[in-house]
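Structure file start_34.pdb; described as PDB, C-alpha atoms.
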ATOM      1  CA  MET T 188     141.403 -75.010-132.202  1.00  0.00           C
ATOM      2  CA  PRO T 189     142.583 -76.071-135.680  1.00  0.00           C
ATOM      3  CA  ALA T 190     143.761 -73.208-137.862  1.00  0.00           C
ATOM      4  CA  ASP T 191     141.435 -74.185-140.692  1.00  0.00           C
ATOM      5  CA  ARG T 192     138.323 -74.430-138.591  1.00  0.00           C
ATOM      6  CA  PRO T 193     135.421 -72.516-140.115  1.00  0.00           C
ATOM      7  CA  GLY T 194     134.283 -69.650-137.939  1.00  0.00           C
ATOM      8  CA  GLN T 195     137.591 -69.305-136.128  1.00  0.00           C
ATOM      9  CA  ALA T 196     137.811 -65.683-137.234  1.00  0.00           C
ATOM     10  CA  LEU T 197     134.328 -64.756-135.996  1.00  0.00           C
ATOM     11  CA  THR T 198     134.686 -61.383-134.309  1.00  0.00           C
ATOM     12  CA  LEU T 199     132.285 -59.852-131.813  1.00  0.00           C
ATOM     13  CA  VAL T 200     132.382 -56.069-131.478  1.00  0.00           C
ATOM     14  CA  ILE T 201     130.567 -54.112-128.776  1.00  0.00           C
ATOM     15  CA  PHE T 202     129.969 -50.443-129.601  1.00  0.00           C
ATOM     16  CA  ASP T 203     128.855 -48.142-126.809  1.00  0.00           C
ATOM     17  CA  PHE T 204     128.406 -44.366-126.710  1.00  0.00           C
ATOM     18  CA  PRO T 205     126.410 -41.628-124.979  1.00  0.00           C
ATOM     19  CA  ALA T 206     122.789 -41.772-126.093  1.00  0.00           C
ATOM     20  CA  ARG T 207     121.128 -38.822-127.745  1.00  0.00           C
ATOM     21  CA  PRO T 208     117.627 -37.800-126.656  1.00  0.00           C
ATOM     22  CA  PRO T 209     114.973 -39.778-128.589  1.00  0.00           C
ATOM     23  CA  GLY T 210     113.659 -37.939-131.611  1.00  0.00           C
ATOM     24  CA  GLY T 211     110.293 -37.972-133.335  1.00  0.00           C
ATOM     25  CA  PRO T 212     108.841 -39.966-136.240  1.00  0.00           C
ATOM     26  CA  GLU T 213     111.406 -38.590-138.678  1.00  0.00           C
ATOM     27  CA  GLN T 214     114.264 -39.891-136.564  1.00  0.00           C
ATOM     28  CA  ALA T 215     112.541 -43.262-136.250  1.00  0.00           C
ATOM     29  CA  ALA T 216     112.307 -43.528-140.029  1.00  0.00           C
ATOM     30  CA  ALA T 217     115.970 -42.541-140.358  1.00  0.00           C
ATOM     31  CA  MET T 218     116.943 -45.216-137.842  1.00  0.00           C
ATOM     32  CA  ARG T 219     115.043 -47.883-139.766  1.00  0.00           C
ATOM     33  CA  ALA T 220     116.801 -46.811-142.966  1.00  0.00           C
ATOM     34  CA  LEU T 221     120.123 -46.993-141.137  1.00  0.00           C
ATOM     35  CA  ALA T 222     119.269 -50.495-139.885  1.00  0.00           C
ATOM     36  CA  GLU T 223     118.477 -51.630-143.429  1.00  0.00           C
ATOM     37  CA  ASN T 224     121.827 -50.226-144.547  1.00  0.00           C
ATOM     38  CA  ILE T 225     123.648 -52.007-141.726  1.00  0.00           C
ATOM     39  CA  ALA T 226     121.836 -55.277-142.531  1.00  0.00           C
ATOM     40  CA  ALA T 227     123.509 -55.196-145.965  1.00  0.00           C
ATOM     41  CA  GLU T 228     127.004 -54.697-144.489  1.00  0.00           C
ATOM     42  CA  PRO T 229     129.482 -57.220-145.974  1.00  0.00           C
ATOM     43  CA  GLY T 230     130.604 -59.836-143.486  1.00  0.00           C
ATOM     44  CA  LEU T 231     127.997 -58.972-140.842  1.00  0.00           C
ATOM     45  CA  HIS T 232     126.077 -61.908-139.374  1.00  0.00           C
ATOM     46  CA  TRP T 233     123.897 -59.838-137.070  1.00  0.00           C
ATOM     47  CA  LYS T 234     123.597 -56.760-134.884  1.00  0.00           C
ATOM     48  CA  LEU T 235     121.673 -56.318-131.653  1.00  0.00           C
ATOM     49  CA  TRP T 236     120.808 -52.667-130.870  1.00  0.00           C
ATOM     50  CA  THR T 237     121.513 -51.927-127.221  1.00  0.00           C
ATOM     51  CA  GLU T 238     120.166 -49.190-124.967  1.00  0.00           C
ATOM     52  CA  SER T 239     120.397 -48.098-121.370  1.00  0.00           C
ATOM     53  CA  ALA T 240     117.920 -45.396-120.420  1.00  0.00           C
ATOM     54  CA  HIS T 241     119.314 -45.511-116.884  1.00  0.00           C
ATOM     55  CA  GLU T 242     122.928 -44.901-117.912  1.00  0.00           C
ATOM     56  CA  GLY T 243     122.146 -42.776-120.975  1.00  0.00           C
ATOM     57  CA  ARG T 244     123.988 -45.098-123.344  1.00  0.00           C
ATOM     58  CA  ALA T 245     123.299 -46.648-126.716  1.00  0.00           C
ATOM     59  CA  GLY T 246     125.206 -48.945-129.018  1.00  0.00           C
ATOM     60  CA  GLY T 247     125.232 -52.396-130.471  1.00  0.00           C
ATOM     61  CA  VAL T 248     126.649 -55.884-130.315  1.00  0.00           C
ATOM     62  CA  TYR T 249     127.828 -57.112-133.711  1.00  0.00           C
ATOM     63  CA  LEU T 250     128.976 -60.493-134.966  1.00  0.00           C
ATOM     64  CA  PHE T 251     131.267 -60.307-137.993  1.00  0.00           C
ATOM     65  CA  GLU T 252     132.622 -63.136-140.126  1.00  0.00           C
ATOM     66  CA  THR T 253     136.189 -61.852-139.859  1.00  0.00           C
ATOM     67  CA  ARG T 254     138.238 -59.342-137.931  1.00  0.00           C
ATOM     68  CA  ALA T 255     138.923 -57.473-141.184  1.00  0.00           C
ATOM     69  CA  ALA T 256     135.182 -57.023-141.813  1.00  0.00           C
ATOM     70  CA  ALA T 257     134.761 -55.769-138.236  1.00  0.00           C
ATOM     71  CA  GLU T 258     137.571 -53.237-138.593  1.00  0.00           C
ATOM     72  CA  ALA T 259     136.256 -51.947-141.915  1.00  0.00           C
ATOM     73  CA  TYR T 260     132.818 -51.447-140.388  1.00  0.00           C
ATOM     74  CA  HIS T 261     134.322 -49.831-137.283  1.00  0.00           C
ATOM     75  CA  ARG T 262     136.100 -47.145-139.312  1.00  0.00           C
ATOM     76  CA  MET T 263     133.011 -46.352-141.394  1.00  0.00           C
ATOM     77  CA  HIS T 264     130.584 -46.434-138.463  1.00  0.00           C
ATOM     78  CA  ALA T 265     132.728 -44.238-136.198  1.00  0.00           C
ATOM     79  CA  GLU T 266     132.911 -41.618-138.959  1.00  0.00           C
ATOM     80  CA  ARG T 267     129.149 -41.826-139.485  1.00  0.00           C
ATOM     81  CA  LEU T 268     128.466 -41.406-135.767  1.00  0.00           C
ATOM     82  CA  ASN T 269     130.880 -38.476-135.593  1.00  0.00           C
ATOM     83  CA  ARG T 270     129.018 -36.777-138.445  1.00  0.00           C
ATOM     84  CA  LEU T 271     125.839 -37.171-136.373  1.00  0.00           C
ATOM     85  CA  GLY T 272     127.588 -35.398-133.510  1.00  0.00           C
ATOM     86  CA  ILE T 273     128.150 -38.570-131.487  1.00  0.00           C
ATOM     87  CA  THR T 274     131.561 -38.850-129.859  1.00  0.00           C
ATOM     88  CA  GLY T 275     132.996 -40.829-126.959  1.00  0.00           C
ATOM     89  CA  ILE T 276     132.487 -44.101-128.817  1.00  0.00           C
ATOM     90  CA  THR T 277     134.048 -47.244-127.400  1.00  0.00           C
ATOM     91  CA  ALA T 278     134.529 -50.419-129.473  1.00  0.00           C
ATOM     92  CA  THR T 279     135.469 -53.645-127.704  1.00  0.00           C
ATOM     93  CA  TYR T 280     136.744 -56.535-129.834  1.00  0.00           C
ATOM     94  CA  ARG T 281     136.352 -60.133-128.736  1.00  0.00           C
ATOM     95  CA  THR T 282     136.865 -63.554-130.241  1.00  0.00           C
ATOM     96  CA  LEU T 283     134.554 -66.423-129.305  1.00  0.00           C
ATOM     97  CA  ASN T 284     135.043 -69.808-127.728  1.00  0.00           C
ATOM     98  CA  LEU T 285     133.007 -71.766-130.260  1.00  0.00           C
ATOM     99  CA  ASP T 286     132.809 -75.057-128.366  1.00  0.00           C
ATOM    100  CA  LEU T 287     131.516 -73.512-125.143  1.00  0.00           C
ATOM    101  CA  SER T 288     129.257 -71.051-127.004  1.00  0.00           C
ATOM    102  CA  SER T 289     127.637 -73.965-128.849  1.00  0.00           C
ATOM    103  CA  ILE T 290     126.784 -75.678-125.566  1.00  0.00           C
ATOM    104  CA  THR T 291     125.014 -72.530-124.339  1.00  0.00           C
ATOM    105  CA  ARG T 292     123.071 -71.989-127.592  1.00  0.00           C
ATOM    106  CA  GLY T 293     125.228 -69.033-128.623  1.00  0.00           C
ATOM    107  CA  PRO T 294     124.033 -67.505-131.943  1.00  0.00           C
ATOM    108  CA  LEU T 295     127.126 -68.119-134.061  1.00  0.00           C
ATOM    109  CA  SER T 296     125.344 -67.630-137.380  1.00  0.00           C
ATOM    110  CA  VAL T 297     121.906 -66.817-138.725  1.00  0.00           C
TER     111      VAL T 297
ATOM    112  CA  MET O 149     106.958 -49.790-127.499  1.00  0.00           C
ATOM    113  CA  PRO O 150     103.730 -51.136-125.975  1.00  0.00           C
ATOM    114  CA  ALA O 151     104.020 -52.167-122.350  1.00  0.00           C
ATOM    115  CA  ASP O 152     102.584 -55.609-123.005  1.00  0.00           C
ATOM    116  CA  ARG O 153     104.839 -56.437-125.896  1.00  0.00           C
ATOM    117  CA  PRO O 154     106.455 -59.866-125.572  1.00  0.00           C
ATOM    118  CA  GLY O 155     110.204 -59.634-125.247  1.00  0.00           C
ATOM    119  CA  GLN O 156     110.192 -56.091-123.919  1.00  0.00           C
ATOM    120  CA  ALA O 157     112.035 -57.248-120.795  1.00  0.00           C
ATOM    121  CA  LEU O 158     114.788 -59.026-122.734  1.00  0.00           C
ATOM    122  CA  THR O 159     118.022 -58.136-120.980  1.00  0.00           C
ATOM    123  CA  LEU O 160     121.516 -58.366-122.425  1.00  0.00           C
ATOM    124  CA  VAL O 161     124.363 -58.643-119.941  1.00  0.00           C
ATOM    125  CA  ILE O 162     128.036 -58.377-120.853  1.00  0.00           C
ATOM    126  CA  PHE O 163     130.417 -59.934-118.327  1.00  0.00           C
ATOM    127  CA  ASP O 164     134.107 -59.170-118.641  1.00  0.00           C
ATOM    128  CA  PHE O 165     137.030 -59.994-116.355  1.00  0.00           C
ATOM    129  CA  PRO O 166     140.787 -60.645-116.412  1.00  0.00           C
ATOM    130  CA  ALA O 167     141.494 -63.987-118.087  1.00  0.00           C
ATOM    131  CA  ARG O 168     143.317 -66.741-116.294  1.00  0.00           C
ATOM    132  CA  PRO O 169     146.067 -68.646-118.102  1.00  0.00           C
ATOM    133  CA  PRO O 170     144.598 -71.554-120.096  1.00  0.00           C
ATOM    134  CA  GLY O 171     144.697 -74.863-118.244  1.00  0.00           C
ATOM    135  CA  GLY O 172     145.043 -78.422-119.463  1.00  0.00           C
ATOM    136  CA  PRO O 173     142.521 -81.146-120.337  1.00  0.00           C
ATOM    137  CA  GLU O 174     141.086 -81.195-116.830  1.00  0.00           C
ATOM    138  CA  GLN O 175     140.235 -77.520-117.025  1.00  0.00           C
ATOM    139  CA  ALA O 176     138.706 -77.998-120.467  1.00  0.00           C
ATOM    140  CA  ALA O 177     136.423 -80.718-119.084  1.00  0.00           C
ATOM    141  CA  ALA O 178     135.473 -78.484-116.163  1.00  0.00           C
ATOM    142  CA  MET O 179     134.619 -75.657-118.558  1.00  0.00           C
ATOM    143  CA  ARG O 180     132.369 -77.920-120.610  1.00  0.00           C
ATOM    144  CA  ALA O 181     130.591 -79.021-117.436  1.00  0.00           C
ATOM    145  CA  LEU O 182     130.192 -75.379-116.464  1.00  0.00           C
ATOM    146  CA  ALA O 183     128.753 -74.590-119.913  1.00  0.00           C
ATOM    147  CA  GLU O 184     126.208 -77.407-119.555  1.00  0.00           C
ATOM    148  CA  ASN O 185     125.222 -76.001-116.171  1.00  0.00           C
ATOM    149  CA  ILE O 186     124.859 -72.503-117.607  1.00  0.00           C
ATOM    150  CA  ALA O 187     122.784 -73.853-120.526  1.00  0.00           C
ATOM    151  CA  ALA O 188     120.197 -75.022-117.971  1.00  0.00           C
ATOM    152  CA  GLU O 189     119.998 -71.607-116.276  1.00  0.00           C
ATOM    153  CA  PRO O 190     116.351 -70.468-115.918  1.00  0.00           C
ATOM    154  CA  GLY O 191     115.471 -67.550-118.164  1.00  0.00           C
ATOM    155  CA  LEU O 192     118.654 -67.740-120.258  1.00  0.00           C
ATOM    156  CA  HIS O 193     118.182 -67.661-124.024  1.00  0.00           C
ATOM    157  CA  TRP O 194     121.855 -67.946-124.898  1.00  0.00           C
ATOM    158  CA  LYS O 195     125.427 -67.136-123.936  1.00  0.00           C
ATOM    159  CA  LEU O 196     128.369 -66.351-126.185  1.00  0.00           C
ATOM    160  CA  TRP O 197     131.761 -66.996-124.540  1.00  0.00           C
ATOM    161  CA  THR O 198     134.123 -64.103-125.264  1.00  0.00           C
ATOM    162  CA  GLU O 199     137.901 -63.954-125.176  1.00  0.00           C
ATOM    163  CA  SER O 200     140.666 -61.481-125.908  1.00  0.00           C
ATOM    164  CA  ALA O 201     144.120 -63.022-125.906  1.00  0.00           C
ATOM    165  CA  HIS O 202     145.535 -59.593-126.764  1.00  0.00           C
ATOM    166  CA  GLU O 203     143.916 -57.807-123.810  1.00  0.00           C
ATOM    167  CA  GLY O 204     143.986 -60.788-121.432  1.00  0.00           C
ATOM    168  CA  ARG O 205     140.225 -60.724-120.915  1.00  0.00           C
ATOM    169  CA  ALA O 206     137.449 -63.303-120.850  1.00  0.00           C
ATOM    170  CA  GLY O 207     133.728 -63.153-120.291  1.00  0.00           C
ATOM    171  CA  GLY O 208     130.416 -63.614-121.988  1.00  0.00           C
ATOM    172  CA  VAL O 209     127.459 -61.954-123.632  1.00  0.00           C
ATOM    173  CA  TYR O 210     124.142 -63.263-122.272  1.00  0.00           C
ATOM    174  CA  LEU O 211     120.560 -62.788-123.371  1.00  0.00           C
ATOM    175  CA  PHE O 212     118.033 -63.270-120.561  1.00  0.00           C
ATOM    176  CA  GLU O 213     114.263 -63.328-120.766  1.00  0.00           C
ATOM    177  CA  THR O 214     113.892 -60.793-117.960  1.00  0.00           C
ATOM    178  CA  ARG O 215     115.987 -58.389-115.921  1.00  0.00           C
ATOM    179  CA  ALA O 216     115.160 -60.424-112.797  1.00  0.00           C
ATOM    180  CA  ALA O 217     116.615 -63.577-114.355  1.00  0.00           C
ATOM    181  CA  ALA O 218     119.729 -61.622-115.347  1.00  0.00           C
ATOM    182  CA  GLU O 219     120.217 -60.249-111.833  1.00  0.00           C
ATOM    183  CA  ALA O 220     119.745 -63.662-110.214  1.00  0.00           C
ATOM    184  CA  TYR O 221     122.360 -65.141-112.535  1.00  0.00           C
ATOM    185  CA  HIS O 222     124.699 -62.201-111.963  1.00  0.00           C
ATOM    186  CA  ARG O 223     124.727 -62.722-108.192  1.00  0.00           C
ATOM    187  CA  MET O 224     125.335 -66.456-108.492  1.00  0.00           C
ATOM    188  CA  HIS O 225     127.934 -66.172-111.260  1.00  0.00           C
ATOM    189  CA  ALA O 226     129.942 -63.428-109.523  1.00  0.00           C
ATOM    190  CA  GLU O 227     130.149 -65.590-106.393  1.00  0.00           C
ATOM    191  CA  ARG O 228     131.189 -68.600-108.476  1.00  0.00           C
ATOM    192  CA  LEU O 229     133.920 -66.612-110.238  1.00  0.00           C
ATOM    193  CA  ASN O 230     135.140 -65.218-106.927  1.00  0.00           C
ATOM    194  CA  ARG O 231     135.446 -68.756-105.547  1.00  0.00           C
ATOM    195  CA  LEU O 232     137.637 -69.546-108.584  1.00  0.00           C
ATOM    196  CA  GLY O 233     139.850 -66.607-107.653  1.00  0.00           C
ATOM    197  CA  ILE O 234     138.527 -64.333-110.397  1.00  0.00           C
ATOM    198  CA  THR O 235     137.889 -60.758-109.353  1.00  0.00           C
ATOM    199  CA  GLY O 236     137.576 -57.441-111.176  1.00  0.00           C
ATOM    200  CA  ILE O 237     134.373 -58.580-112.879  1.00  0.00           C
ATOM    201  CA  THR O 238     132.332 -56.010-114.772  1.00  0.00           C
ATOM    202  CA  ALA O 239     128.684 -56.605-115.735  1.00  0.00           C
ATOM    203  CA  THR O 240     127.033 -54.226-118.198  1.00  0.00           C
ATOM    204  CA  TYR O 241     123.232 -54.338-118.475  1.00  0.00           C
ATOM    205  CA  ARG O 242     121.461 -53.310-121.665  1.00  0.00           C
ATOM    206  CA  THR O 243     117.942 -53.470-123.038  1.00  0.00           C
ATOM    207  CA  LEU O 244     117.351 -54.021-126.742  1.00  0.00           C
ATOM    208  CA  ASN O 245     115.662 -52.079-129.493  1.00  0.00           C
ATOM    209  CA  LEU O 246     113.626 -54.969-130.865  1.00  0.00           C
ATOM    210  CA  ASP O 247     112.449 -53.317-134.082  1.00  0.00           C
ATOM    211  CA  LEU O 248     115.925 -52.268-135.217  1.00  0.00           C
ATOM    212  CA  SER O 249     117.495 -55.533-134.002  1.00  0.00           C
ATOM    213  CA  SER O 250     115.006 -57.502-136.086  1.00  0.00           C
ATOM    214  CA  ILE O 251     116.020 -55.595-139.226  1.00  0.00           C
ATOM    215  CA  THR O 252     119.687 -56.499-138.633  1.00  0.00           C
ATOM    216  CA  ARG O 253     118.974 -60.188-137.919  1.00  0.00           C
ATOM    217  CA  GLY O 254     119.614 -59.808-134.185  1.00  0.00           C
ATOM    218  CA  PRO O 255     119.279 -63.158-132.363  1.00  0.00           C
ATOM    219  CA  LEU O 256     116.381 -62.315-130.045  1.00  0.00           C
ATOM    220  CA  SER O 257     115.544 -65.924-129.254  1.00  0.00           C
ATOM    221  CA  VAL O 258     116.712 -69.440-130.115  1.00  0.00           C
TER     222      VAL O 258
END

Can you dump the structure from the file as structure tokens?
Amino acid sequence: MPADRPGQALTLVIFDFPARPPGGPEQAAAMRALAENIAAEPGLHWKLWTESAHEGRAGGVYLFETRAAAEAYHRMHAERLNRLGITGITATYRTLNLDLSSITRGPLSV
Amino acid sequence: MPADRPGQALTLVIFDFPARPPGGPEQAAAMRALAENIAAEPGLHWKLWTESAHEGRAGGVYLFETRAAAEAYHRMHAERLNRLGITGITATYRTLNLDLSSITRGPLSV
């Protein structure tokens, strides 16, 4: 695709880590506050919060405007998770095929 | 969340497999035809087409209306990829935290 095409740098990152046991109302409030903080992250289009009760995993799928924004978030978020006692975090980086994603209604922006 | 909440069954599936070398114009046309076929898949909200030139991987992130729709697609798609000579396919199933995803502009529908 042309080098100057808008959106060419869009970067998808999939975070995945062992889930902690669900907490009570205080944890729920803390998670909402965290979500509001993440929503204000520079260069973030959107985040889906993922869970697997069966596998005991949690994480998120993020779409960032650039790879640099994704990497900056990755560093900060991994440190934040570590402070919460969460380790074993995986982060998978992917670029997107914009033409094919458009045909299948892929959410490339919000 | 309440058992009768709309969207509770939303299922995210992440497919990932070794990438094949890019083909020419004929392959590009075949991929567009495949994308149009996938766009008509029952129960599919959207698909993002993922790539990693660095890791030699390709795949997709899919949002399905139900787990049953996701599993039906998974069976069909794995067979289709196998016929194309693609093996080593991983499929990761996740549910979504709808409240937190809404706060971070997560694309829950189109």

- Message: Set the cut-off to 10 Å and count all atoms listed in the file: what are the residues of chain O that reach chain T? Output as a ChimeraX atom specification.
- Response: /O:159-160,162,176,179-189,192-203,205-211,240-258

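For the structure in this document, the set picked by the PyMOL selection byres ((chain T and resi 277) around 6) is Phe202, Asp203, Ile276 and Ala278 of chain T.
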
Chain T onto chain O, all Cα, least squares, as a short mmCIF file (atom, residue, chain, number, x, y, z; two decimals) with C-alpha atoms, keeping the file's coordinate frame:
data_model
loop_
_atom_site.label_atom_id
_atom_site.label_comp_id
_atom_site.auth_asym_id
_atom_site.auth_seq_id
_atom_site.Cartn_x
_atom_site.Cartn_y
_atom_site.Cartn_z
CA MET T 188 106.85 -49.80 -127.39
CA PRO T 189 103.61 -51.18 -125.88
CA ALA T 190 103.93 -52.27 -122.27
CA ASP T 191 102.53 -55.71 -123.01
CA ARG T 192 104.81 -56.46 -125.91
CA PRO T 193 106.46 -59.87 -125.59
CA GLY T 194 110.21 -59.63 -125.26
CA GLN T 195 110.17 -56.08 -123.93
CA ALA T 196 112.03 -57.23 -120.82
CA LEU T 197 114.80 -59.01 -122.75
CA THR T 198 118.03 -58.12 -120.99
CA LEU T 199 121.52 -58.36 -122.44
CA VAL T 200 124.37 -58.64 -119.94
CA ILE T 201 128.05 -58.39 -120.86
CA PHE T 202 130.43 -59.94 -118.32
CA ASP T 203 134.12 -59.17 -118.63
CA PHE T 204 137.05 -60.00 -116.35
CA PRO T 205 140.80 -60.66 -116.40
CA ALA T 206 141.50 -63.98 -118.09
CA ARG T 207 143.31 -66.75 -116.28
CA PRO T 208 146.07 -68.66 -118.09
CA PRO T 209 144.61 -71.57 -120.10
CA GLY T 210 144.70 -74.86 -118.25
CA GLY T 211 145.03 -78.43 -119.44
CA PRO T 212 142.52 -81.15 -120.34
CA GLU T 213 141.07 -81.20 -116.83
CA GLN T 214 140.21 -77.52 -117.02
CA ALA T 215 138.68 -78.01 -120.46
CA ALA T 216 136.41 -80.73 -119.09
CA ALA T 217 135.46 -78.49 -116.16
CA MET T 218 134.61 -75.66 -118.55
CA ARG T 219 132.36 -77.93 -120.61
CA ALA T 220 130.58 -79.03 -117.43
CA LEU T 221 130.17 -75.38 -116.46
CA ALA T 222 128.74 -74.60 -119.91
CA GLU T 223 126.21 -77.41 -119.56
CA ASN T 224 125.22 -76.00 -116.17
CA ILE T 225 124.85 -72.50 -117.60
CA ALA T 226 122.78 -73.84 -120.53
CA ALA T 227 120.19 -75.01 -117.97
CA GLU T 228 120.00 -71.58 -116.28
CA PRO T 229 116.36 -70.45 -115.92
CA GLY T 230 115.48 -67.54 -118.17
CA LEU T 231 118.66 -67.73 -120.26
CA HIS T 232 118.18 -67.65 -124.04
CA TRP T 233 121.85 -67.94 -124.90
CA LYS T 234 125.43 -67.13 -123.95
CA LEU T 235 128.37 -66.36 -126.20
CA TRP T 236 131.77 -67.00 -124.55
CA THR T 237 134.12 -64.11 -125.27
CA GLU T 238 137.91 -63.95 -125.18
CA SER T 239 140.67 -61.49 -125.91
CA ALA T 240 144.13 -63.02 -125.91
CA HIS T 241 145.53 -59.59 -126.76
CA GLU T 242 143.93 -57.81 -123.81
CA GLY T 243 143.99 -60.79 -121.43
CA ARG T 244 140.23 -60.74 -120.90
CA ALA T 245 137.46 -63.30 -120.85
CA GLY T 246 133.74 -63.16 -120.30
CA GLY T 247 130.43 -63.61 -121.99
CA VAL T 248 127.47 -61.96 -123.64
CA TYR T 249 124.16 -63.26 -122.28
CA LEU T 250 120.57 -62.78 -123.37
CA PHE T 251 118.04 -63.24 -120.57
CA GLU T 252 114.25 -63.30 -120.77
CA THR T 253 113.90 -60.77 -117.96
CA ARG T 254 115.98 -58.38 -115.93
CA ALA T 255 115.16 -60.40 -112.80
CA ALA T 256 116.62 -63.56 -114.36
CA ALA T 257 119.74 -61.61 -115.35
CA GLU T 258 120.21 -60.24 -111.83
CA ALA T 259 119.74 -63.64 -110.22
CA TYR T 260 122.36 -65.13 -112.54
CA HIS T 261 124.70 -62.18 -111.96
CA ARG T 262 124.73 -62.71 -108.19
CA MET T 263 125.33 -66.46 -108.49
CA HIS T 264 127.93 -66.17 -111.26
CA ALA T 265 129.94 -63.43 -109.53
CA GLU T 266 130.15 -65.59 -106.40
CA ARG T 267 131.20 -68.60 -108.47
CA LEU T 268 133.92 -66.61 -110.24
CA ASN T 269 135.14 -65.21 -106.92
CA ARG T 270 135.45 -68.75 -105.56
CA LEU T 271 137.64 -69.54 -108.58
CA GLY T 272 139.85 -66.61 -107.64
CA ILE T 273 138.53 -64.34 -110.40
CA THR T 274 137.90 -60.75 -109.35
CA GLY T 275 137.59 -57.44 -111.18
CA ILE T 276 134.39 -58.57 -112.88
CA THR T 277 132.34 -56.01 -114.77
CA ALA T 278 128.69 -56.60 -115.74
CA THR T 279 127.04 -54.23 -118.19
CA TYR T 280 123.24 -54.33 -118.49
CA ARG T 281 121.47 -53.31 -121.67
CA THR T 282 117.96 -53.45 -123.04
CA LEU T 283 117.37 -54.02 -126.75
CA ASN T 284 115.68 -52.08 -129.49
CA LEU T 285 113.63 -54.96 -130.87
CA ASP T 286 112.46 -53.30 -134.09
CA LEU T 287 115.94 -52.26 -135.22
CA SER T 288 117.52 -55.52 -134.00
CA SER T 289 115.03 -57.49 -136.10
CA ILE T 290 116.04 -55.59 -139.23
CA THR T 291 119.70 -56.50 -138.65
CA ARG T 292 118.99 -60.19 -137.94
CA GLY T 293 119.64 -59.81 -134.21
CA PRO T 294 119.29 -63.17 -132.37
CA LEU T 295 116.40 -62.31 -130.06
CA SER T 296 115.54 -65.93 -129.27
CA VAL T 297 116.72 -69.43 -130.09
#

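One finds atom CA of Pro170 of chain O at 28.6 Å from atom CA of Pro190 of chain O.
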
- Query: Using all atoms listed in the file, which of O:Gly172, O:Thr235, O:Ala157, O:Gly204 sits nearest Ala218 of chain O?
  - Reply: O:Ala157

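The spacing separating atom CA of Glu174 of chain O from atom CA of His225 of chain O amounts to 20.7 Å.
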
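If you look at atom CA of Ala226 of chain O and atom CA of Glu213 of chain O, they are 19.3 Å away from each other.
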
For segment 273-279 of chain T, what centre and edge lengths in Å (one decimal) does the axis-aligned box get once 8 Å is added on each side of all its listed atoms, as AutoDock Vina command-line options?
--center_x 131.8 --center_y -46.1 --center_z -129.2 --size_x 23.3 --size_y 31.1 --size_z 20.5
